[in-house]
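Student: This one is target33.cif, mmCIF, C-alpha atoms, pLDDT in the B column; chains and numbers go by the auth columns.
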data_input
#
loop_
_atom_site.group_PDB
_atom_site.id
_atom_site.type_symbol
_atom_site.label_atom_id
_atom_site.label_comp_id
_atom_site.label_asym_id
_atom_site.label_seq_id
_atom_site.Cartn_x
_atom_site.Cartn_y
_atom_site.Cartn_z
_atom_site.B_iso_or_equiv
_atom_site.auth_seq_id
_atom_site.auth_asym_id
ATOM 1 C CA GLU A 1 -1.778 45.000 40.165 79.00 31 A
ATOM 2 C CA SER A 2 -0.810 41.433 39.247 84.00 32 A
ATOM 3 C CA LEU A 3 -4.468 40.422 39.709 84.00 33 A
ATOM 4 C CA GLU A 4 -5.459 43.075 37.166 86.00 34 A
ATOM 5 C CA VAL A 5 -2.891 41.735 34.723 87.00 35 A
ATOM 6 C CA LEU A 6 -4.208 38.189 35.195 82.00 36 A
ATOM 7 C CA GLU A 7 -7.796 39.365 34.692 82.00 37 A
ATOM 8 C CA ARG A 8 -6.796 41.269 31.555 85.00 38 A
ATOM 9 C CA LEU A 9 -4.911 38.241 30.232 82.00 39 A
ATOM 10 C CA SER A 10 -7.949 36.054 30.889 79.00 40 A
ATOM 11 C CA ALA A 11 -10.205 38.532 29.079 81.00 41 A
ATOM 12 C CA ILE A 12 -7.871 38.643 26.082 84.00 42 A
ATOM 13 C CA LYS A 13 -7.709 34.865 25.996 81.00 43 A
ATOM 14 C CA SER A 14 -11.504 34.606 26.167 79.00 44 A
ATOM 15 C CA GLU A 15 -11.882 37.133 23.361 81.00 45 A
ATOM 16 C CA ARG A 16 -9.379 35.229 21.209 80.00 46 A
ATOM 17 C CA LEU A 17 -11.292 31.976 21.761 79.00 47 A
ATOM 18 C CA HIS A 18 -14.570 33.729 21.012 77.00 48 A
ATOM 19 C CA LEU A 19 -13.197 35.073 17.728 78.00 49 A
ATOM 20 C CA THR A 20 -11.704 31.699 16.866 78.00 50 A
ATOM 21 C CA PHE A 21 -15.049 29.939 17.155 76.00 51 A
ATOM 22 C CA HIS A 22 -16.738 32.594 15.026 78.00 52 A
ATOM 23 C CA THR A 23 -14.179 32.393 12.225 79.00 53 A
ATOM 24 C CA SER A 24 -14.818 29.345 10.067 78.00 54 A
ATOM 25 C CA SER A 25 -11.262 29.197 8.721 80.00 55 A
ATOM 26 C CA ALA A 26 -9.630 29.379 12.170 80.00 56 A
ATOM 27 C CA GLU A 27 -8.349 26.117 13.529 86.00 57 A
ATOM 28 C CA PHE A 28 -8.606 25.247 17.183 82.00 58 A
ATOM 29 C CA THR A 29 -7.968 22.252 19.380 84.00 59 A
ATOM 30 C CA SER A 30 -10.337 20.221 21.503 87.00 60 A
ATOM 31 C CA ALA A 31 -8.577 21.591 24.594 86.00 61 A
ATOM 32 C CA GLU A 32 -9.432 25.138 23.486 84.00 62 A
ATOM 33 C CA ALA A 33 -13.028 24.082 22.848 83.00 63 A
ATOM 34 C CA LEU A 34 -13.270 22.671 26.381 80.00 64 A
ATOM 35 C CA GLN A 35 -11.718 25.843 27.763 78.00 65 A
ATOM 36 C CA PHE A 36 -14.251 27.960 25.888 76.00 66 A
ATOM 37 C CA LEU A 37 -17.113 25.732 27.081 73.00 67 A
ATOM 38 C CA ASP A 38 -15.858 26.069 30.667 71.00 68 A
ATOM 39 C CA GLY A 39 -16.328 29.831 30.289 67.00 69 A
ATOM 40 C CA PHE A 40 -20.109 29.333 30.396 63.00 70 A
ATOM 41 C CA ASN A 41 -19.797 28.434 34.107 54.00 71 A
ATOM 42 C CA GLU A 42 -22.427 25.707 33.947 54.00 72 A
ATOM 43 C CA LEU A 43 -22.641 22.017 33.205 53.00 73 A
ATOM 44 C CA ASP A 44 -23.318 21.000 29.622 54.00 74 A
ATOM 45 C CA LYS A 45 -26.552 19.146 30.267 58.00 75 A
ATOM 46 C CA GLN A 46 -28.633 17.420 27.636 53.00 76 A
ATOM 47 C CA THR A 47 -32.066 19.020 27.586 57.00 77 A
ATOM 48 C CA LEU A 48 -35.297 17.284 26.711 54.00 78 A
ATOM 49 C CA ILE A 49 -35.265 18.956 23.287 56.00 79 A
ATOM 50 C CA ASP A 50 -31.698 17.775 22.778 52.00 80 A
ATOM 51 C CA ARG A 51 -32.745 14.220 23.612 52.00 81 A
ATOM 52 C CA MET A 52 -35.753 14.405 21.291 54.00 82 A
ATOM 53 C CA THR A 53 -33.595 15.666 18.413 54.00 83 A
ATOM 54 C CA PHE A 54 -30.831 13.171 19.256 53.00 84 A
ATOM 55 C CA ARG A 55 -28.386 16.017 19.844 54.00 85 A
ATOM 56 C CA ASN A 56 -25.545 15.042 22.135 61.00 86 A
ATOM 57 C CA PRO A 57 -24.059 17.333 24.760 70.00 87 A
ATOM 58 C CA ILE A 58 -21.239 19.445 23.359 78.00 88 A
ATOM 59 C CA THR A 59 -18.763 17.574 25.530 79.00 89 A
ATOM 60 C CA ASN A 60 -19.501 14.408 23.514 81.00 90 A
ATOM 61 C CA ASP A 61 -18.677 16.285 20.310 85.00 91 A
ATOM 62 C CA ILE A 62 -15.512 17.665 21.896 87.00 92 A
ATOM 63 C CA ASP A 63 -14.511 14.158 23.053 89.00 93 A
ATOM 64 C CA ALA A 64 -14.986 12.877 19.489 91.00 94 A
ATOM 65 C CA PHE A 65 -12.964 15.847 18.222 90.00 95 A
ATOM 66 C CA SER A 66 -10.187 15.016 20.702 94.00 96 A
ATOM 67 C CA ALA A 67 -10.152 11.380 19.557 95.00 97 A
ATOM 68 C CA ALA A 68 -9.936 12.538 15.925 95.00 98 A
ATOM 69 C CA GLU A 69 -6.988 14.789 16.843 94.00 99 A
ATOM 70 C CA LEU A 70 -5.214 11.837 18.454 95.00 100 A
ATOM 71 C CA ASP A 71 -5.883 9.716 15.378 96.00 101 A
ATOM 72 C CA LEU A 72 -4.539 12.492 13.141 94.00 102 A
ATOM 73 C CA GLY A 73 -1.391 12.673 15.261 95.00 103 A
ATOM 74 C CA GLN A 74 -0.870 8.924 14.901 96.00 104 A
ATOM 75 C CA LYS A 75 -1.419 9.088 11.134 96.00 105 A
ATOM 76 C CA GLU A 76 1.052 11.979 10.865 95.00 106 A
ATOM 77 C CA ASN A 77 3.631 9.980 12.853 96.00 107 A
ATOM 78 C CA GLU A 78 3.085 6.907 10.668 95.00 108 A
ATOM 79 C CA LYS A 79 3.480 8.998 7.525 96.00 109 A
ATOM 80 C CA LEU A 80 6.641 10.627 8.914 96.00 110 A
ATOM 81 C CA GLU A 81 8.143 7.218 9.687 95.00 111 A
ATOM 82 C CA LEU A 82 7.350 6.005 6.181 95.00 112 A
ATOM 83 C CA ASP A 83 8.798 9.172 4.665 94.00 113 A
ATOM 84 C CA LEU A 84 12.008 8.666 6.648 96.00 114 A
ATOM 85 C CA GLU A 85 12.185 5.048 5.502 95.00 115 A
ATOM 86 C CA VAL A 86 11.636 6.085 1.870 93.00 116 A
ATOM 87 C CA GLN A 87 14.354 8.715 2.204 95.00 117 A
ATOM 88 C CA ALA A 88 16.788 6.191 3.666 95.00 118 A
ATOM 89 C CA ARG A 89 16.051 3.715 0.891 95.00 119 A
ATOM 90 C CA GLU A 90 16.350 6.391 -1.786 94.00 120 A
ATOM 91 C CA GLU A 91 19.744 7.330 -0.369 95.00 121 A
ATOM 92 C CA ALA A 92 20.700 3.656 -0.518 95.00 122 A
ATOM 93 C CA LEU A 93 19.487 3.575 -4.130 93.00 123 A
ATOM 94 C CA GLU A 94 21.543 6.662 -4.969 95.00 124 A
ATOM 95 C CA GLU A 95 24.572 5.097 -3.366 95.00 125 A
ATOM 96 C CA ALA A 96 24.007 1.842 -5.227 94.00 126 A
ATOM 97 C CA GLU A 97 23.629 3.713 -8.527 93.00 127 A
ATOM 98 C CA HIS A 98 26.847 5.588 -7.803 94.00 128 A
ATOM 99 C CA GLN A 99 28.631 2.329 -7.144 92.00 129 A
ATOM 100 C CA ALA A 100 27.252 0.825 -10.358 90.00 130 A
ATOM 101 C CA GLN A 101 28.505 3.806 -12.351 90.00 131 A
ATOM 102 C CA PHE A 102 31.925 3.547 -10.755 87.00 132 A
ATOM 103 C CA ALA A 103 32.030 -0.144 -11.606 82.00 133 A
ATOM 104 C CA LEU A 104 31.167 0.540 -15.250 80.00 134 A
ATOM 105 C CA MET A 105 33.903 3.165 -15.526 81.00 135 A
ATOM 106 C CA GLU A 106 36.314 0.728 -13.925 76.00 136 A
ATOM 107 C CA GLU A 107 35.473 -1.873 -16.575 72.00 137 A
ATOM 108 C CA GLU A 108 36.323 0.540 -19.418 75.00 138 A
ATOM 109 C CA ARG A 109 39.485 1.880 -17.833 73.00 139 A
ATOM 110 C CA ILE A 110 41.163 -1.278 -16.694 69.00 140 A
ATOM 111 C CA LEU A 111 41.047 -3.911 -19.419 60.00 141 A
ATOM 112 C CA GLN A 112 43.511 -6.205 -17.680 64.00 142 A
ATOM 113 C CA MET A 113 41.142 -6.423 -14.674 59.00 143 A
ATOM 114 C CA LEU A 114 38.142 -7.037 -16.911 67.00 144 A
ATOM 115 C CA GLU A 115 36.945 -10.172 -15.168 74.00 145 A
ATOM 116 C CA ALA A 116 37.104 -8.589 -11.704 70.00 146 A
ATOM 117 C CA ALA A 117 35.402 -5.422 -12.968 69.00 147 A
ATOM 118 C CA ARG A 118 32.574 -7.466 -14.565 74.00 148 A
ATOM 119 C CA GLN A 119 31.938 -9.195 -11.275 81.00 149 A
ATOM 120 C CA ASN A 120 31.822 -5.831 -9.505 78.00 150 A
ATOM 121 C CA VAL A 121 29.318 -4.542 -12.083 81.00 151 A
ATOM 122 C CA LEU A 122 27.041 -7.528 -11.549 88.00 152 A
ATOM 123 C CA GLU A 123 27.125 -7.083 -7.779 91.00 153 A
ATOM 124 C CA THR A 124 26.416 -3.371 -7.858 91.00 154 A
ATOM 125 C CA GLN A 125 23.638 -3.836 -10.422 92.00 155 A
ATOM 126 C CA GLN A 126 22.067 -6.312 -8.053 91.00 156 A
ATOM 127 C CA MET A 127 22.351 -3.699 -5.303 91.00 157 A
ATOM 128 C CA VAL A 128 20.568 -1.194 -7.564 90.00 158 A
ATOM 129 C CA ALA A 129 17.848 -3.675 -8.426 92.00 159 A
ATOM 130 C CA ASP A 130 17.383 -4.575 -4.766 90.00 160 A
ATOM 131 C CA ALA A 131 17.246 -0.924 -3.756 89.00 161 A
ATOM 132 C CA GLN A 132 14.768 -0.108 -6.560 89.00 162 A
ATOM 133 C CA LEU A 133 12.599 -3.025 -5.539 89.00 163 A
ATOM 134 C CA SER A 134 12.869 -1.920 -1.928 88.00 164 A
ATOM 135 C CA VAL A 135 11.790 1.649 -2.783 85.00 165 A
ATOM 136 C CA SER A 136 8.965 0.556 -5.078 89.00 166 A
ATOM 137 C CA SER A 137 7.680 -1.884 -2.462 89.00 167 A
ATOM 138 C CA LEU A 138 6.911 1.100 -0.217 87.00 168 A
ATOM 139 C CA ASN A 139 4.785 2.927 -2.822 88.00 169 A
ATOM 140 C CA PRO A 140 1.480 1.229 -1.841 89.00 170 A
ATOM 141 C CA SER A 141 2.188 1.914 1.827 90.00 171 A
ATOM 142 C CA VAL A 142 2.941 5.565 1.097 87.00 172 A
ATOM 143 C CA ARG A 143 -0.295 5.923 -0.888 92.00 173 A
ATOM 144 C CA ILE A 144 -2.293 4.287 1.892 92.00 174 A
ATOM 145 C CA ALA A 145 -0.617 6.506 4.490 92.00 175 A
ATOM 146 C CA GLU A 146 -1.428 9.593 2.401 92.00 176 A
ATOM 147 C CA GLN A 147 -5.056 8.471 2.045 94.00 177 A
ATOM 148 C CA ASN A 148 -5.298 7.777 5.784 94.00 178 A
ATOM 149 C CA LEU A 149 -3.766 11.158 6.541 94.00 179 A
ATOM 150 C CA ALA A 150 -6.227 12.904 4.222 95.00 180 A
ATOM 151 C CA ARG A 151 -9.136 11.050 5.835 95.00 181 A
ATOM 152 C CA ALA A 152 -7.886 11.955 9.304 95.00 182 A
ATOM 153 C CA ARG A 153 -7.525 15.619 8.336 95.00 183 A
ATOM 154 C CA ASN A 154 -11.044 15.640 6.896 95.00 184 A
ATOM 155 C CA SER A 155 -12.352 13.980 10.041 95.00 185 A
ATOM 156 C CA VAL A 156 -10.715 16.622 12.248 96.00 186 A
ATOM 157 C CA LYS A 157 -12.146 19.370 10.068 95.00 187 A
ATOM 158 C CA ARG A 158 -15.655 17.882 10.254 95.00 188 A
ATOM 159 C CA LYS A 159 -15.392 17.405 14.022 94.00 189 A
ATOM 160 C CA ARG A 160 -14.080 20.960 14.411 94.00 190 A
ATOM 161 C CA ASP A 161 -17.036 22.264 12.412 94.00 191 A
ATOM 162 C CA VAL A 162 -19.466 20.232 14.557 94.00 192 A
ATOM 163 C CA VAL A 163 -17.922 21.646 17.721 94.00 193 A
ATOM 164 C CA ARG A 164 -17.892 25.178 16.303 93.00 194 A
ATOM 165 C CA LYS A 165 -21.609 24.949 15.429 93.00 195 A
ATOM 166 C CA ALA A 166 -22.441 23.457 18.794 91.00 196 A
ATOM 167 C CA LEU A 167 -20.533 26.188 20.634 90.00 197 A
ATOM 168 C CA ARG A 168 -22.235 28.851 18.587 91.00 198 A
ATOM 169 C CA ARG A 169 -25.642 27.339 19.381 90.00 199 A
ATOM 170 C CA LYS A 170 -24.657 27.168 23.024 88.00 200 A
ATOM 171 C CA GLU A 171 -23.521 30.776 22.994 87.00 201 A
ATOM 172 C CA GLU A 172 -26.690 31.920 21.224 89.00 202 A
ATOM 173 C CA LYS A 173 -28.846 29.908 23.596 87.00 203 A
ATOM 174 C CA ASP A 174 -27.138 31.156 26.740 84.00 204 A
ATOM 175 C CA GLY A 175 -26.744 34.699 25.409 73.00 205 A
ATOM 176 C CA THR A 176 -23.733 36.864 25.687 55.00 206 A
ATOM 177 C CA ALA A 177 -24.594 37.853 29.264 46.00 207 A
ATOM 178 C CA SER A 178 -23.382 34.567 30.755 54.00 208 A
ATOM 179 C CA ASN A 179 -20.187 34.778 28.753 49.00 209 A
ATOM 180 C CA GLY A 180 -19.871 38.571 28.970 51.00 210 A
ATOM 181 C CA ASN A 181 -16.313 38.384 30.203 50.00 211 A
ATOM 182 C CA SER A 182 -15.207 37.491 26.669 52.00 212 A
ATOM 183 C CA ARG A 183 -16.553 40.681 25.023 48.00 213 A
ATOM 184 C CA SER A 184 -17.070 43.270 27.743 45.00 214 A
ATOM 185 C CA ARG A 185 -13.386 44.143 28.057 40.00 215 A
#
Write out the structure in this file as structure tokens.
Tutor:
Amino acid sequence: ESLEVLERLSAIKSERLHLTFHTSSAEFTSAEALQFLDGFNELDKQTLIDRMTFRNPITNDIDAFSAAELDLGQKENEKLELDLEVQAREEALEEAEHQAQFALMEEERILQMLEAARQNVLETQQMVADAQLSVSSLNPSVRIAEQNLARARNSVKRKRDVVRKALRRKEEKDGTASNGNSRSR
């Protein structure tokens, strides 16, 4: 009975992968592509026609897709780190602005401590200026990170499409009989 459940689970998983690769808007990972390719129960050999048309084995495309996924992950981590740094600096800016406002109110309220209040205003204004400069100095890095992230996402999409097309060609070439376990159940 547990063997039947495992076989049914495998069939459902194969059907899900099959549908994923036939739906252009569905995203999938390189690991899922390898799993789907393994369902053909044969090596992905480069035929003479493939060599003549400079078509690489699907595994090469999947390896490139996997590398693009890793690159995307790194770009996402870099962007997250920059976003956290920007947030921390913006909080510092907000705090500095709050302190500057407090110092200005102190100047108006306490005339007898005018000289001390003026010094406090100058110091907190410097903190604001430093924090603003600090935040604005990250703007080019944020733009570059966003551009890199967009490029990485586009690269993953292109690689995914290459793998999808290659898997479809492979499926059409090998027919549904060799991969019948994905649709017969």
Student: Take the PyMOL selection byres ((chain A and resi 95) around 9), apply it to the structure above, and return the hits as a list of chain:residue names.
Tutor: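 This file gives the following for the PyMOL selection byres ((chain A and resi 95) around 9): A:Thr59, A:Ser60, A:Asn90, A:Asp91, A:Ile92, A:Asp93, A:Ala94, A:Ser96, A:Ala97, A:Ala98, A:Glu99, A:Leu100, A:Ser185, A:Val186, A:Lys187, A:Arg188, A:Lys189, A:Arg190, A:Val192, A:Val193.
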Student: Select, from A:Glu45, A:Thr89, A:Glu137, A:Glu176, the residue with the minimum atom-to-atom distance to A:Ala63, counting all atoms listed in the file.
Tutor: A:Thr89
Student: Figure out the distance between atom CA of A:Asp101 and atom CA of A:Phe66, please, to one decimal in Å.
Tutor: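 Atom CA of A:Phe66 sits 22.7 Å away from atom CA of A:Asp101.
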Student: List the residues matched by the PyMOL selection byres ((chain A and resi 146-158) around 10) in the displayed structure as a ChimeraX atom specification, ordered by chain and then by residue number.
Tutor: /A:122-145,159-164
Student: Between atom CA of A:Glu120 and atom CA of A:Ala175, what distance in Å does the model show, to one decimal?
Tutor: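 Going from atom CA of A:Glu120 over to atom CA of A:Ala175, I get 18.1 Å.
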Student: Between atom CA of A:Arg183 and atom CA of A:Leu112, what is the spacing in Å?
Tutor: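 The value is 17.8 Å.
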Student: Tell me, as a list of chain:residue names, which residues lie within 10 Å of A:Asp113, counting all atoms listed in the file; anything in the same chain fewer than 5 positions away does not count.
Tutor: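 With the cut-off at 10 Å, the set is A:Asn107, A:Glu108, A:Ala118, A:Arg119, A:Leu168, A:Val172, A:Ala175.
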Student: Between A:Leu64, A:Val116, A:Ala182, A:Thr53, single out the one closest to A:Asn169, counting all atoms listed in the file.
Tutor: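 Closest residue, counting all atoms listed in the file: A:Val116.
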Student: Pick the closest to A:Glu121 from A:Val165, A:Leu49, A:Leu36, A:Glu106: which is it, counting only C-alpha atoms?
Tutor: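 Of A:Val165, A:Leu49, A:Leu36, A:Glu106, the one nearest A:Glu121 is A:Val165, counting only C-alpha atoms.
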Student: Enclose all atoms of stretch 47-55 of chain A listed in the file in an axis-aligned box, grow every side by 6 Å, and hand back centre and edge lengths in Å to one decimal, as JSON.
Tutor:
{"center_x": -14.0, "center_y": 32.1, "center_z": 15.2, "size_x": 17.5, "size_y": 17.9, "size_z": 25.0}
